[in-house]
>>> print(open('protein.pdb').read())   # PDB, C-alpha atoms, pLDDT in the B column
MODEL        1
ATOM      1  CA  MET A   1       0.000   0.000   0.000  1.00 42.00           C
ATOM      2  CA  ALA A   2       1.411   3.380  -1.054  1.00 64.00           C
ATOM      3  CA  LEU A   3       1.976   6.040   1.566  1.00 74.00           C
ATOM      4  CA  ALA A   4      -0.122   9.188   1.436  1.00 91.00           C
ATOM      5  CA  PRO A   5       1.806  12.454   1.582  1.00 95.00           C
ATOM      6  CA  THR A   6       1.620  14.690   4.599  1.00 97.00           C
ATOM      7  CA  PHE A   7       2.157  18.448   4.508  1.00 98.00           C
ATOM      8  CA  ARG A   8       3.810  20.571   7.176  1.00 98.00           C
ATOM      9  CA  PRO A   9       5.164  24.108   7.463  1.00 98.00           C
ATOM     10  CA  ALA A  10       8.851  24.367   6.628  1.00 98.00           C
ATOM     11  CA  THR A  11      11.411  25.104   9.330  1.00 97.00           C
ATOM     12  CA  LEU A  12      14.939  26.504   9.252  1.00 96.00           C
ATOM     13  CA  GLY A  13      16.172  22.915   9.245  1.00 97.00           C
ATOM     14  CA  ASP A  14      14.571  22.395   5.821  1.00 98.00           C
ATOM     15  CA  ALA A  15      16.614  25.130   4.140  1.00 97.00           C
ATOM     16  CA  ALA A  16      19.059  22.827   2.322  1.00 96.00           C
ATOM     17  CA  ASP A  17      16.297  20.615   0.910  1.00 97.00           C
ATOM     18  CA  LEU A  18      14.292  23.657  -0.153  1.00 97.00           C
ATOM     19  CA  ALA A  19      17.318  25.195  -1.887  1.00 96.00           C
ATOM     20  CA  ILE A  20      17.815  21.981  -3.859  1.00 96.00           C
ATOM     21  CA  LEU A  21      14.104  21.855  -4.761  1.00 97.00           C
ATOM     22  CA  ILE A  22      14.208  25.501  -5.903  1.00 96.00           C
ATOM     23  CA  ASP A  23      17.119  24.676  -8.191  1.00 94.00           C
ATOM     24  CA  ILE A  24      15.444  21.536  -9.572  1.00 94.00           C
ATOM     25  CA  ALA A  25      12.207  23.455 -10.208  1.00 93.00           C
ATOM     26  CA  GLY A  26      14.148  26.142 -12.078  1.00 88.00           C
ATOM     27  CA  ASN A  27      16.033  23.658 -14.254  1.00 86.00           C
ATOM     28  CA  GLY A  28      19.352  24.756 -12.735  1.00 87.00           C
ATOM     29  CA  LEU A  29      18.777  28.487 -13.263  1.00 87.00           C
ATOM     30  CA  ALA A  30      18.860  29.268  -9.537  1.00 90.00           C
ATOM     31  CA  ASN A  31      22.238  27.591  -9.249  1.00 89.00           C
ATOM     32  CA  ARG A  32      23.627  29.902 -11.944  1.00 87.00           C
ATOM     33  CA  ILE A  33      22.441  32.991 -10.048  1.00 88.00           C
ATOM     34  CA  TRP A  34      23.698  31.644  -6.731  1.00 92.00           C
ATOM     35  CA  LEU A  35      27.093  30.715  -8.209  1.00 88.00           C
ATOM     36  CA  ASP A  36      27.597  34.302  -9.380  1.00 86.00           C
ATOM     37  CA  LYS A  37      26.686  35.552  -5.895  1.00 88.00           C
ATOM     38  CA  ALA A  38      28.933  32.987  -4.186  1.00 89.00           C
ATOM     39  CA  GLY A  39      32.090  33.926  -6.008  1.00 83.00           C
ATOM     40  CA  PRO A  40      35.218  31.795  -6.420  1.00 86.00           C
ATOM     41  CA  GLY A  41      35.784  29.120  -3.799  1.00 87.00           C
ATOM     42  CA  HIS A  42      32.261  29.275  -2.373  1.00 89.00           C
ATOM     43  CA  SER A  43      29.220  27.045  -2.766  1.00 92.00           C
ATOM     44  CA  ALA A  44      26.218  28.074  -4.839  1.00 92.00           C
ATOM     45  CA  VAL A  45      24.028  25.763  -2.742  1.00 92.00           C
ATOM     46  CA  GLU A  46      25.095  27.556   0.430  1.00 93.00           C
ATOM     47  CA  VAL A  47      23.992  30.868  -1.099  1.00 94.00           C
ATOM     48  CA  GLY A  48      20.616  29.282  -1.890  1.00 94.00           C
ATOM     49  CA  ARG A  49      20.378  27.793   1.577  1.00 95.00           C
ATOM     50  CA  GLN A  50      21.026  31.178   3.185  1.00 94.00           C
ATOM     51  CA  LEU A  51      18.382  32.757   0.931  1.00 93.00           C
ATOM     52  CA  VAL A  52      15.825  30.198   2.114  1.00 96.00           C
ATOM     53  CA  ARG A  53      16.853  30.738   5.761  1.00 96.00           C
ATOM     54  CA  SER A  54      15.968  34.437   5.532  1.00 93.00           C
ATOM     55  CA  ASP A  55      12.831  35.710   7.224  1.00 91.00           C
ATOM     56  CA  ASP A  56      11.577  37.533   4.154  1.00 86.00           C
ATOM     57  CA  GLY A  57      11.655  37.278   0.365  1.00 85.00           C
ATOM     58  CA  GLU A  58       9.698  34.992  -1.892  1.00 88.00           C
ATOM     59  CA  ASP A  59      11.919  31.970  -1.228  1.00 92.00           C
ATOM     60  CA  SER A  60      11.945  32.251   2.569  1.00 94.00           C
ATOM     61  CA  PHE A  61      11.217  29.062   4.484  1.00 96.00           C
ATOM     62  CA  ARG A  62       8.352  31.018   6.077  1.00 96.00           C
ATOM     63  CA  ASN A  63       6.491  30.791   2.733  1.00 96.00           C
ATOM     64  CA  ALA A  64       7.159  27.075   2.317  1.00 97.00           C
ATOM     65  CA  THR A  65       5.361  23.814   2.900  1.00 98.00           C
ATOM     66  CA  ILE A  66       7.270  20.548   3.112  1.00 98.00           C
ATOM     67  CA  VAL A  67       5.759  17.436   1.551  1.00 98.00           C
ATOM     68  CA  MET A  68       6.592  14.248   3.430  1.00 97.00           C
ATOM     69  CA  MET A  69       6.308  10.633   2.315  1.00 96.00           C
ATOM     70  CA  GLY A  70       6.730   8.642   5.483  1.00 94.00           C
ATOM     71  CA  THR A  71       9.858   9.993   7.137  1.00 95.00           C
ATOM     72  CA  GLU A  72      11.376  11.406   3.939  1.00 96.00           C
ATOM     73  CA  ILE A  73      11.086  14.870   2.451  1.00 98.00           C
ATOM     74  CA  ALA A  74       9.508  14.243  -0.945  1.00 97.00           C
ATOM     75  CA  GLY A  75       8.999  17.803  -2.132  1.00 98.00           C
ATOM     76  CA  GLY A  76       8.117  21.358  -1.333  1.00 98.00           C
ATOM     77  CA  ILE A  77       5.802  24.209  -2.188  1.00 98.00           C
ATOM     78  CA  ILE A  78       6.703  27.876  -1.817  1.00 97.00           C
ATOM     79  CA  GLY A  79       3.956  30.381  -2.355  1.00 97.00           C
ATOM     80  CA  GLY A  80       1.416  32.877  -1.151  1.00 95.00           C
ATOM     81  CA  LEU A  81      -0.177  36.092  -2.304  1.00 93.00           C
ATOM     82  CA  PRO A  82       2.260  37.773  -4.740  1.00 92.00           C
ATOM     83  CA  GLU A  83       1.830  41.080  -2.950  1.00 90.00           C
ATOM     84  CA  ASP A  84       3.126  39.369   0.221  1.00 89.00           C
ATOM     85  CA  LEU A  85       5.940  37.431  -1.484  1.00 88.00           C
ATOM     86  CA  TYR A  86       7.455  40.137  -3.687  1.00 85.00           C
ATOM     87  CA  ASP A  87       8.341  43.771  -3.376  1.00 85.00           C
ATOM     88  CA  LEU A  88       6.238  44.549  -6.446  1.00 83.00           C
ATOM     89  CA  SER A  89       7.873  47.964  -6.857  1.00 85.00           C
ATOM     90  CA  ARG A  90      11.280  46.311  -7.417  1.00 87.00           C
ATOM     91  CA  VAL A  91      10.450  43.676 -10.049  1.00 87.00           C
ATOM     92  CA  GLU A  92      12.788  45.270 -12.581  1.00 87.00           C
ATOM     93  CA  GLU A  93      15.683  44.828 -10.132  1.00 87.00           C
ATOM     94  CA  LYS A  94      15.387  41.037 -10.260  1.00 85.00           C
ATOM     95  CA  PRO A  95      18.118  39.133 -12.141  1.00 84.00           C
ATOM     96  CA  ALA A  96      17.353  39.223 -15.882  1.00 85.00           C
ATOM     97  CA  ILE A  97      16.714  35.462 -15.899  1.00 85.00           C
ATOM     98  CA  PHE A  98      13.842  35.758 -13.409  1.00 87.00           C
ATOM     99  CA  ARG A  99      12.527  39.239 -14.267  1.00 91.00           C
ATOM    100  CA  PRO A 100       9.890  37.898 -16.723  1.00 93.00           C
ATOM    101  CA  VAL A 101       8.651  35.444 -14.065  1.00 92.00           C
ATOM    102  CA  ALA A 102       8.370  38.289 -11.541  1.00 92.00           C
ATOM    103  CA  ARG A 103       6.398  40.336 -14.094  1.00 93.00           C
ATOM    104  CA  LEU A 104       3.958  37.449 -14.401  1.00 95.00           C
ATOM    105  CA  ALA A 105       3.697  37.247 -10.599  1.00 93.00           C
ATOM    106  CA  VAL A 106       2.678  40.910 -10.570  1.00 92.00           C
ATOM    107  CA  ARG A 107      -0.167  39.993 -12.943  1.00 94.00           C
ATOM    108  CA  ALA A 108      -1.272  37.358 -10.409  1.00 95.00           C
ATOM    109  CA  VAL A 109      -1.876  39.785  -7.527  1.00 94.00           C
ATOM    110  CA  GLY A 110      -4.831  38.611  -5.433  1.00 95.00           C
ATOM    111  CA  THR A 111      -4.322  34.933  -6.290  1.00 97.00           C
ATOM    112  CA  TRP A 112      -2.435  32.295  -4.304  1.00 97.00           C
ATOM    113  CA  TYR A 113       0.774  32.230  -6.350  1.00 97.00           C
ATOM    114  CA  VAL A 114       3.003  29.158  -6.468  1.00 97.00           C
ATOM    115  CA  ASP A 115       6.589  30.421  -6.606  1.00 95.00           C
ATOM    116  CA  VAL A 116       8.050  26.898  -6.429  1.00 96.00           C
ATOM    117  CA  ILE A 117       6.464  23.459  -6.596  1.00 97.00           C
ATOM    118  CA  GLU A 118       8.748  20.471  -6.931  1.00 97.00           C
ATOM    119  CA  ASN A 119       9.373  16.975  -5.714  1.00 96.00           C
ATOM    120  CA  PHE A 120      12.510  14.885  -5.739  1.00 97.00           C
ATOM    121  CA  PRO A 121      12.872  12.557  -8.743  1.00 95.00           C
ATOM    122  CA  GLU A 122      12.448   9.371  -6.712  1.00 96.00           C
ATOM    123  CA  PHE A 123       8.913  10.479  -5.771  1.00 95.00           C
ATOM    124  CA  ARG A 124       7.712  11.237  -9.297  1.00 92.00           C
ATOM    125  CA  GLY A 125       5.108   9.179 -11.132  1.00 90.00           C
ATOM    126  CA  GLN A 126       3.124   8.434  -7.958  1.00 90.00           C
ATOM    127  CA  GLY A 127       0.448  11.128  -8.236  1.00 92.00           C
ATOM    128  CA  LEU A 128       2.240  13.401  -5.781  1.00 95.00           C
ATOM    129  CA  GLY A 129       2.125  16.431  -8.106  1.00 95.00           C
ATOM    130  CA  ARG A 130      -1.670  16.305  -8.268  1.00 96.00           C
ATOM    131  CA  GLN A 131      -1.880  16.023  -4.484  1.00 97.00           C
ATOM    132  CA  MET A 132       0.492  18.961  -4.071  1.00 97.00           C
ATOM    133  CA  LEU A 133      -1.686  21.061  -6.371  1.00 97.00           C
ATOM    134  CA  GLU A 134      -4.747  20.142  -4.306  1.00 97.00           C
ATOM    135  CA  HIS A 135      -2.857  21.344  -1.234  1.00 98.00           C
ATOM    136  CA  VAL A 136      -2.193  24.621  -3.084  1.00 98.00           C
ATOM    137  CA  ALA A 137      -5.958  24.952  -3.707  1.00 97.00           C
ATOM    138  CA  THR A 138      -6.580  24.428   0.010  1.00 97.00           C
ATOM    139  CA  LYS A 139      -4.032  27.134   0.902  1.00 97.00           C
ATOM    140  CA  ALA A 140      -5.675  29.509  -1.579  1.00 97.00           C
ATOM    141  CA  ARG A 141      -9.138  28.907  -0.137  1.00 97.00           C
ATOM    142  CA  GLU A 142      -7.802  29.474   3.402  1.00 96.00           C
ATOM    143  CA  VAL A 143      -6.796  33.044   2.485  1.00 96.00           C
ATOM    144  CA  GLY A 144      -9.889  33.691   0.378  1.00 96.00           C
ATOM    145  CA  ALA A 145      -8.058  33.802  -2.955  1.00 97.00           C
ATOM    146  CA  PRO A 146     -10.380  33.253  -5.932  1.00 97.00           C
ATOM    147  CA  SER A 147      -7.737  31.296  -7.824  1.00 98.00           C
ATOM    148  CA  SER A 148      -4.265  29.823  -7.682  1.00 98.00           C
ATOM    149  CA  THR A 149      -1.553  30.631 -10.195  1.00 98.00           C
ATOM    150  CA  LEU A 150       1.869  29.373 -11.198  1.00 98.00           C
ATOM    151  CA  VAL A 151       4.446  29.887 -13.928  1.00 97.00           C
ATOM    152  CA  VAL A 152       5.853  27.128 -16.119  1.00 96.00           C
ATOM    153  CA  GLY A 153       8.413  27.173 -18.922  1.00 94.00           C
ATOM    154  CA  SER A 154       6.806  26.343 -22.268  1.00 94.00           C
ATOM    155  CA  TRP A 155       9.466  23.653 -22.784  1.00 92.00           C
ATOM    156  CA  ASN A 156       8.288  21.814 -19.637  1.00 93.00           C
ATOM    157  CA  GLU A 157       5.461  20.007 -21.404  1.00 94.00           C
ATOM    158  CA  GLY A 158       5.025  17.318 -18.741  1.00 93.00           C
ATOM    159  CA  ALA A 159       4.447  19.861 -15.981  1.00 95.00           C
ATOM    160  CA  ALA A 160       2.132  21.933 -18.194  1.00 96.00           C
ATOM    161  CA  ARG A 161       0.027  18.817 -18.910  1.00 96.00           C
ATOM    162  CA  LEU A 162      -0.230  18.056 -15.178  1.00 97.00           C
ATOM    163  CA  TYR A 163      -1.291  21.631 -14.437  1.00 97.00           C
ATOM    164  CA  ALA A 164      -3.902  21.520 -17.218  1.00 98.00           C
ATOM    165  CA  ARG A 165      -5.304  18.214 -15.890  1.00 97.00           C
ATOM    166  CA  CYS A 166      -5.648  19.921 -12.493  1.00 97.00           C
ATOM    167  CA  GLY A 167      -7.640  22.830 -13.933  1.00 97.00           C
ATOM    168  CA  TYR A 168      -4.943  25.403 -14.738  1.00 98.00           C
ATOM    169  CA  ARG A 169      -5.215  27.382 -17.981  1.00 98.00           C
ATOM    170  CA  PRO A 170      -2.683  29.741 -19.632  1.00 98.00           C
ATOM    171  CA  THR A 171      -3.530  33.382 -18.911  1.00 98.00           C
ATOM    172  CA  ALA A 172      -0.345  35.344 -19.761  1.00 98.00           C
ATOM    173  CA  ARG A 173       3.102  34.876 -21.274  1.00 97.00           C
ATOM    174  CA  GLU A 174       6.512  36.515 -21.112  1.00 96.00           C
ATOM    175  CA  PRO A 175       9.526  35.820 -23.330  1.00 94.00           C
ATOM    176  CA  VAL A 176      12.279  33.765 -21.731  1.00 90.00           C
ATOM    177  CA  THR A 177      15.712  35.316 -21.183  1.00 84.00           C
ATOM    178  CA  LEU A 178      18.083  32.433 -20.520  1.00 83.00           C
ATOM    179  CA  PRO A 179      21.870  32.230 -20.245  1.00 82.00           C
ATOM    180  CA  GLU A 180      23.853  31.383 -23.355  1.00 82.00           C
ATOM    181  CA  GLY A 181      24.117  27.640 -23.832  1.00 82.00           C
ATOM    182  CA  PHE A 182      21.039  26.862 -21.748  1.00 82.00           C
ATOM    183  CA  PRO A 183      19.245  23.934 -23.429  1.00 83.00           C
ATOM    184  CA  TYR A 184      15.730  25.444 -23.434  1.00 84.00           C
ATOM    185  CA  SER A 185      13.940  28.309 -25.148  1.00 85.00           C
ATOM    186  CA  GLY A 186      10.387  29.543 -25.354  1.00 90.00           C
ATOM    187  CA  GLU A 187       8.165  31.472 -22.996  1.00 95.00           C
ATOM    188  CA  TRP A 188       7.252  31.647 -19.346  1.00 95.00           C
ATOM    189  CA  VAL A 189       3.535  30.878 -19.086  1.00 97.00           C
ATOM    190  CA  LEU A 190       1.323  32.074 -16.230  1.00 98.00           C
ATOM    191  CA  MET A 191      -1.380  29.484 -15.589  1.00 98.00           C
ATOM    192  CA  THR A 192      -4.480  30.113 -13.471  1.00 98.00           C
ATOM    193  CA  ARG A 193      -6.876  27.722 -11.755  1.00 98.00           C
ATOM    194  CA  PRO A 194     -10.194  29.301 -10.723  1.00 97.00           C
ATOM    195  CA  LEU A 195     -11.371  28.058  -7.330  1.00 95.00           C
ATOM    196  CA  THR A 196     -14.856  29.545  -7.204  1.00 79.00           C
TER
ENDMDL
END
>>> encode(input="protein.pdb", output="structure tokens")
Amino acid sequence: MALAPTFRPATLGDAADLAILIDIAGNGLANRIWLDKAGPGHSAVEVGRQLVRSDDGEDSFRNATIVMMGTEIAGGIIGGLPEDLYDLSRVEEKPAIFRPVARLAVRAVGTWYVDVIENFPEFRGQGLGRQMLEHVATKAREVGAPSSTLVVGSWNEGAARLYARCGYRPTAREPVTLPEGFPYSGEWVLMTRPLT
């Protein structure tokens, strides 16, 4: 019999796992940003871990939910109302890679916005993504949001299909600005799931 996932608020002790999940969700883009911030001789993951350990900012552990399968961390969700996650007046100061995503988040004001949703590879193919998205819907209803939103890269067809099966529909797009040599191209797509 398969285990059912449980959901709990993240703690400081989850920072390393959340940093890894952020990087997986972003197809390695976060690691590139963190590596530039780390500088020579320092760890990109440690920069990400410190970012998650902060009390504020969209990737703070305070905005995160940990998904457990038994005693193992299987995944994580980071999200909330965009107006609470982001300093909306400073979107254009974001790194160029993530600026289009932040612009889409601004368009999602008033919704429960998923900044990160990811699970570790060993937990894929078990229906966990659908259950995580149902948890997102619950979080949105708890704060009275009329819908939940998320952003997906147009190249991530598997994730986009999952989101569509769970009721999300494309509502806005921004061109992708990726580093030279990055293996993807396309658009960032804001998807919305009405909850009313």
>>> residues_around(input="protein.pdb", residues="Arg8 (chain A)", least_positions_apart="3", cutoff="9 Å", atoms="only C-alpha atoms", output="NGL selection string")
:A and (64-68)
>>> closest_residue(input="protein.pdb", among="A:Ala19, A:Leu150, A:Ala30, A:Ile24", to="Ala137 (chain A)", atoms="all atoms listed in the file")
A:Leu150
>>> axis_aligned_box(input="protein.pdb", around="region 110-121 of chain A", padding_each_side="6 Å", output="lines of an AutoDock Vina configuration file")
center_x = 4.0
center_y = 25.6
center_z = -6.5
size_x = 29.7
size_y = 38.1
size_z = 16.4
>>> residues_around(input="protein.pdb", residues="Glu174 (chain A)", least_positions_apart="3", cutoff="9 Å", atoms="only C-alpha atoms", output="PyMOL selection string")
chain A and resi 100-101+103-104+187-190
>>> closest_residue(input="protein.pdb", among="A:Glu118, A:Asp17, A:Glu134, A:Glu83", to="Ala102 (chain A)", atoms="only C-alpha atoms")
A:Glu83
>>> closest_residue(input="protein.pdb", among="A:Val116, A:Met69, A:Val109, A:Leu88", to="Ile20 (chain A)", atoms="only C-alpha atoms")
A:Val116
>>> resolve_selection(input="protein.pdb", expression="the PyMOL selection byres ((chain A and resi 164-168) around 7)", output="PDB file with C-alpha atoms, in the coordinates of the input")
ATOM      1  CA  ARG A 130      -1.670  16.305  -8.268  1.00 96.00           C
ATOM      2  CA  ALA A 160       2.132  21.933 -18.194  1.00 96.00           C
ATOM      3  CA  ARG A 161       0.027  18.817 -18.910  1.00 96.00           C
ATOM      4  CA  LEU A 162      -0.230  18.056 -15.178  1.00 97.00           C
ATOM      5  CA  TYR A 163      -1.291  21.631 -14.437  1.00 97.00           C
ATOM      6  CA  ARG A 169      -5.215  27.382 -17.981  1.00 98.00           C
ATOM      7  CA  PRO A 170      -2.683  29.741 -19.632  1.00 98.00           C
ATOM      8  CA  MET A 191      -1.380  29.484 -15.589  1.00 98.00           C
ATOM      9  CA  THR A 192      -4.480  30.113 -13.471  1.00 98.00           C
ATOM     10  CA  ARG A 193      -6.876  27.722 -11.755  1.00 98.00           C
TER      11      ARG A 193
END
>>> atom_distance(input="protein.pdb", atom1="CA of Leu3 (chain A)", atom2="CA of Gly158 (chain A)")
23.4 Å
>>> resolve_selection(input="protein.pdb", expression="the PyMOL selection byres ((chain A and resi 75) around 6)", output="list of chain:residue names")
A:Val67, A:Ile73, A:Ala74, A:Gly76, A:Glu118, A:Asn119, A:Phe120
>>> closest_residue(input="protein.pdb", among="A:Val91, A:Met132, A:Ile77, A:Val151", to="Phe61 (chain A)", atoms="only C-alpha atoms")
A:Ile77
>>> resolve_selection(input="protein.pdb", expression="the PyMOL selection byres ((chain A and resi 62) around 12)", output="CSV table (one decimal) with C-alpha atoms, keeping the file's coordinate frame")
chain,number,residue,atom,x,y,z
A,8,ARG,CA,3.8,20.6,7.2
A,9,PRO,CA,5.2,24.1,7.5
A,10,ALA,CA,8.9,24.4,6.6
A,11,THR,CA,11.4,25.1,9.3
A,12,LEU,CA,14.9,26.5,9.3
A,13,GLY,CA,16.2,22.9,9.2
A,14,ASP,CA,14.6,22.4,5.8
A,15,ALA,CA,16.6,25.1,4.1
A,18,LEU,CA,14.3,23.7,-0.2
A,51,LEU,CA,18.4,32.8,0.9
A,52,VAL,CA,15.8,30.2,2.1
A,53,ARG,CA,16.9,30.7,5.8
A,54,SER,CA,16.0,34.4,5.5
A,55,ASP,CA,12.8,35.7,7.2
A,56,ASP,CA,11.6,37.5,4.2
A,57,GLY,CA,11.7,37.3,0.4
A,58,GLU,CA,9.7,35.0,-1.9
A,59,ASP,CA,11.9,32.0,-1.2
A,60,SER,CA,11.9,32.3,2.6
A,61,PHE,CA,11.2,29.1,4.5
A,63,ASN,CA,6.5,30.8,2.7
A,64,ALA,CA,7.2,27.1,2.3
A,65,THR,CA,5.4,23.8,2.9
A,66,ILE,CA,7.3,20.5,3.1
A,77,ILE,CA,5.8,24.2,-2.2
A,78,ILE,CA,6.7,27.9,-1.8
A,79,GLY,CA,4.0,30.4,-2.4
A,80,GLY,CA,1.4,32.9,-1.2
A,84,ASP,CA,3.1,39.4,0.2
A,85,LEU,CA,5.9,37.4,-1.5
>>> atom_distance(input="protein.pdb", atom1="CA of Leu35 (chain A)", atom2="CA of Ile22 (chain A)")
14.1 Å
>>> atom_distance(input="protein.pdb", atom1="CA of Leu81 (chain A)", atom2="CA of Thr111 (chain A)")
5.9 Å
>>> build_atoms(input="protein.pdb", residues="region 171-183 of chain A", atoms="N, CA and C atoms", output="mmCIF file, in the frame of the given file")
data_model
loop_
_atom_site.group_PDB
_atom_site.id
_atom_site.type_symbol
_atom_site.label_atom_id
_atom_site.label_comp_id
_atom_site.auth_asym_id
_atom_site.auth_seq_id
_atom_site.Cartn_x
_atom_site.Cartn_y
_atom_site.Cartn_z
ATOM 1 N N THR A 171 -2.872 32.073 -18.967
ATOM 2 C CA THR A 171 -3.530 33.382 -18.911
ATOM 3 C C THR A 171 -2.605 34.524 -19.319
ATOM 4 N N ALA A 172 -1.293 34.307 -19.340
ATOM 5 C CA ALA A 172 -0.345 35.344 -19.761
ATOM 6 C C ALA A 172 0.993 34.685 -20.084
ATOM 7 N N ARG A 173 1.791 35.403 -20.868
ATOM 8 C CA ARG A 173 3.102 34.876 -21.274
ATOM 9 C C ARG A 173 4.138 35.997 -21.258
ATOM 10 N N GLU A 174 5.374 35.602 -21.031
ATOM 11 C CA GLU A 174 6.512 36.515 -21.112
ATOM 12 C C GLU A 174 7.634 35.788 -21.834
ATOM 13 N N PRO A 175 8.396 36.481 -22.666
ATOM 14 C CA PRO A 175 9.526 35.820 -23.330
ATOM 15 C C PRO A 175 10.581 35.397 -22.312
ATOM 16 N N VAL A 176 11.231 34.302 -22.597
ATOM 17 C CA VAL A 176 12.279 33.765 -21.731
ATOM 18 C C VAL A 176 13.605 34.446 -22.068
ATOM 19 N N THR A 177 14.355 34.804 -21.037
ATOM 20 C CA THR A 177 15.712 35.316 -21.183
ATOM 21 C C THR A 177 16.615 34.349 -20.427
ATOM 22 N N LEU A 178 17.270 33.463 -21.159
ATOM 23 C CA LEU A 178 18.083 32.433 -20.520
ATOM 24 C C LEU A 178 19.558 32.625 -20.845
ATOM 25 N N PRO A 179 20.438 32.092 -19.999
ATOM 26 C CA PRO A 179 21.870 32.230 -20.245
ATOM 27 C C PRO A 179 22.278 31.517 -21.539
ATOM 28 N N GLU A 180 23.320 32.009 -22.144
ATOM 29 C CA GLU A 180 23.853 31.383 -23.355
ATOM 30 C C GLU A 180 24.201 29.925 -23.064
ATOM 31 N N GLY A 181 23.829 29.062 -23.981
ATOM 32 C CA GLY A 181 24.117 27.640 -23.832
ATOM 33 C C GLY A 181 23.083 26.873 -23.042
ATOM 34 N N PHE A 182 22.078 27.561 -22.494
ATOM 35 C CA PHE A 182 21.039 26.862 -21.748
ATOM 36 C C PHE A 182 20.199 26.065 -22.742
ATOM 37 N N PRO A 183 19.851 24.818 -22.427
ATOM 38 C CA PRO A 183 19.245 23.934 -23.429
ATOM 39 C C PRO A 183 17.772 24.168 -23.743
#
